[in-house]
Amino acid sequence: MPDGVTCDESERLGMTADLKSSLDVYRRRIDLRLGALLPDVLPGQSALGDALHDSVLAPGKRLRPLMTLIAAEDLGGATAAAIDAGCAVEMIHAASLVLDDLPCMDNATLRRGLPAVHIGHGEDVAVLVSVAALSRAYQVLAQIEGLAAEARIECVAVLSGAVGVAGLVGGQFEDLRGGRMLRPMAEIAAANGLKTGSLFSASVEIGGVVAGAQAATRVRLRRFADELGHAFQLLDDLLDGAKSPVAIGKDIGQDVGKSTIVSLIGRTSARRRIERHIEAAHESLTDIFGARSRLHGLIEIIFDQAMRATVEDDSGQDKALPLGQEIGAR
């Protein structure tokens, strides 16, 4: 055992290494199923099919379907049903990224290391692709084999609630309209919870539905996802200050001129805040699964490398926004 590494740490590191290998297998299975679940376009509309393929199957972490799959399996649910449910969540996520990148929203050009869909295929096709992915997601949930009709309906209800005005839509609206003004930290955090946390919550709760989890367990799953969503959005805001878009696979500097928690408290304080959210997320997981859940390991894998990258990118830029300073246009 290396000097300075305890038995518990060594065991955890071994579990993480094994989990990384398992996650690679899961990602391949998810990608294969995503491709199989994409709808066939009408004859003569191959351009629409290409754009849909590029949006949904672009390289990514597949974090949300992984969360659905692991939550369902660890609660005793069927793997095949959980993969289909996770693919539906990933389609929603892909649709939200297409919309988020449009010129009328964030006006981004790069996503997952590739040209944004509206750059590669046109704005009109990008809008149609997002609608196609959204509609297909609900269709997939409604048709999951081996899952009771009541559970399929519940999955649709959970996911549609996460997307609507009390979820992604509401969070995006607040970010677009309120982001250019000074806002209390609580308002920013609430918007982050809607914009990012709602789909995380749907991911694990749908996993719980697939497994037939009790209401109390689903509440704990949502609590875990809420903490994770706040941590993830803060991490995303930190990564927006990266030195190169190549490192994170998307445009940087998107938050310049916006009121974010990072702009209010600075990067070092934001990292401490992320650590507190992650700790709270782990506590919720322990309440559900015990101390050695694979979701524990997934969080560590996702955040460990990314958090180190934010430290490396810091070079004299750890400054909080002076109180009362106006937010200018991007």
# chains A, B, ... in the order shown; residues from 1 in each chain; ligands from 1

call {"tool": "residues_around", "arguments": {"residues": "segment 215-221 of chain A", "least_positions_apart": "5", "cutoff": "7 Å", "atoms": "only C-alpha atoms", "output": "ChimeraX atom specification"}}
result
/A:204-205,208,284,288

call {"tool": "write_last_selection", "arguments": {"atoms": "N, CA, C and O atoms", "output": "PDB file, in the first residue's frame"}}
result
ATOM      1  N   VAL A 204     -32.766  10.238 -11.364  1.00  0.00           N
ATOM      2  CA  VAL A 204     -32.725   9.236 -10.295  1.00  0.00           C
ATOM      3  C   VAL A 204     -34.117   8.829  -9.851  1.00  0.00           C
ATOM      4  O   VAL A 204     -34.343   7.666  -9.484  1.00  0.00           O
ATOM      5  N   GLU A 205     -35.078   9.756  -9.899  1.00  0.00           N
ATOM      6  CA  GLU A 205     -36.429   9.380  -9.486  1.00  0.00           C
ATOM      7  C   GLU A 205     -37.035   8.387 -10.473  1.00  0.00           C
ATOM      8  O   GLU A 205     -37.726   7.439 -10.079  1.00  0.00           O
ATOM      9  N   GLY A 208     -35.851   5.173  -9.641  1.00  0.00           N
ATOM     10  CA  GLY A 208     -36.621   4.652  -8.516  1.00  0.00           C
ATOM     11  C   GLY A 208     -37.966   4.105  -8.946  1.00  0.00           C
ATOM     12  O   GLY A 208     -38.414   3.066  -8.444  1.00  0.00           O
ATOM     13  N   SER A 284     -27.156  11.985   1.587  1.00  0.00           N
ATOM     14  CA  SER A 284     -28.454  11.484   1.128  1.00  0.00           C
ATOM     15  C   SER A 284     -28.318  10.088   0.538  1.00  0.00           C
ATOM     16  O   SER A 284     -29.176   9.224   0.758  1.00  0.00           O
ATOM     17  N   ILE A 288     -29.922   6.142   1.712  1.00  0.00           N
ATOM     18  CA  ILE A 288     -30.657   5.225   0.840  1.00  0.00           C
ATOM     19  C   ILE A 288     -29.941   3.896   0.669  1.00  0.00           C
ATOM     20  O   ILE A 288     -30.526   2.820   0.852  1.00  0.00           O
TER      21      ILE A 288
END

call {"tool": "residues_around", "arguments": {"residues": "Leu128 of chain A", "least_positions_apart": "5", "cutoff": "9 Å", "atoms": "only C-alpha atoms", "output": "PDB file with N, CA and C atoms, in the first residue's frame"}}
result
ATOM      1  N   LEU A  48     -32.445  15.799 -41.747  1.00  0.00           N
ATOM      2  CA  LEU A  48     -33.038  15.859 -40.406  1.00  0.00           C
ATOM      3  C   LEU A  48     -32.521  14.707 -39.553  1.00  0.00           C
ATOM      4  N   LEU A  52     -30.395  14.967 -36.037  1.00  0.00           N
ATOM      5  CA  LEU A  52     -30.882  14.296 -34.828  1.00  0.00           C
ATOM      6  C   LEU A  52     -29.809  13.367 -34.272  1.00  0.00           C
ATOM      7  N   GLU A 123     -30.433  26.826 -38.050  1.00  0.00           N
ATOM      8  CA  GLU A 123     -31.302  27.100 -36.908  1.00  0.00           C
ATOM      9  C   GLU A 123     -32.651  26.421 -37.046  1.00  0.00           C
ATOM     10  N   ALA A 133     -36.527  15.201 -30.531  1.00  0.00           N
ATOM     11  CA  ALA A 133     -35.913  14.495 -29.406  1.00  0.00           C
ATOM     12  C   ALA A 133     -36.836  14.505 -28.186  1.00  0.00           C
TER      13      ALA A 133
END

call {"tool": "closest_residue", "arguments": {"among": "A:Leu75, A:Ala82, A:Val129, A:Ala280", "to": "Arg152 of chain A", "atoms": "only C-alpha atoms"}}
result
A:Ala82

call {"tool": "residues_around", "arguments": {"residues": "segment 191-194 of chain A", "least_positions_apart": "2", "cutoff": "7 Å", "atoms": "only C-alpha atoms", "output": "PyMOL selection string"}}
result
chain A and resi 166-168+170-171+174-175+187-189+196-198+226+229-230+233

call {"tool": "closest_residue", "arguments": {"among": "A:Thr310, A:His296, A:Ala137, A:Phe224", "to": "His93 of chain A", "atoms": "only C-alpha atoms"}}
result
A:Ala137

call {"tool": "closest_residue", "arguments": {"among": "A:Arg183, A:His282, A:Arg29, A:Lys195", "to": "Leu69 of chain A", "atoms": "only C-alpha atoms"}}
result
A:Arg29

call {"tool": "atom_distance", "arguments": {"atom1": "atom CA of Val25 of chain A", "atom2": "atom CA of Ser135 of chain A"}}
result
27.5 Å

call {"tool": "select_by_dssp", "arguments": {"residues": "segment 29-209 of chain A", "states": "strand (DSSP E or B)", "output": "number ranges by chain"}}
result
A: 110-111, 114-115

call {"tool": "closest_residue", "arguments": {"among": "A:Ser96, A:Gln139, A:Ser160, A:Ser293", "to": "Pro39 of chain A", "atoms": "only C-alpha atoms"}}
result
A:Gln139
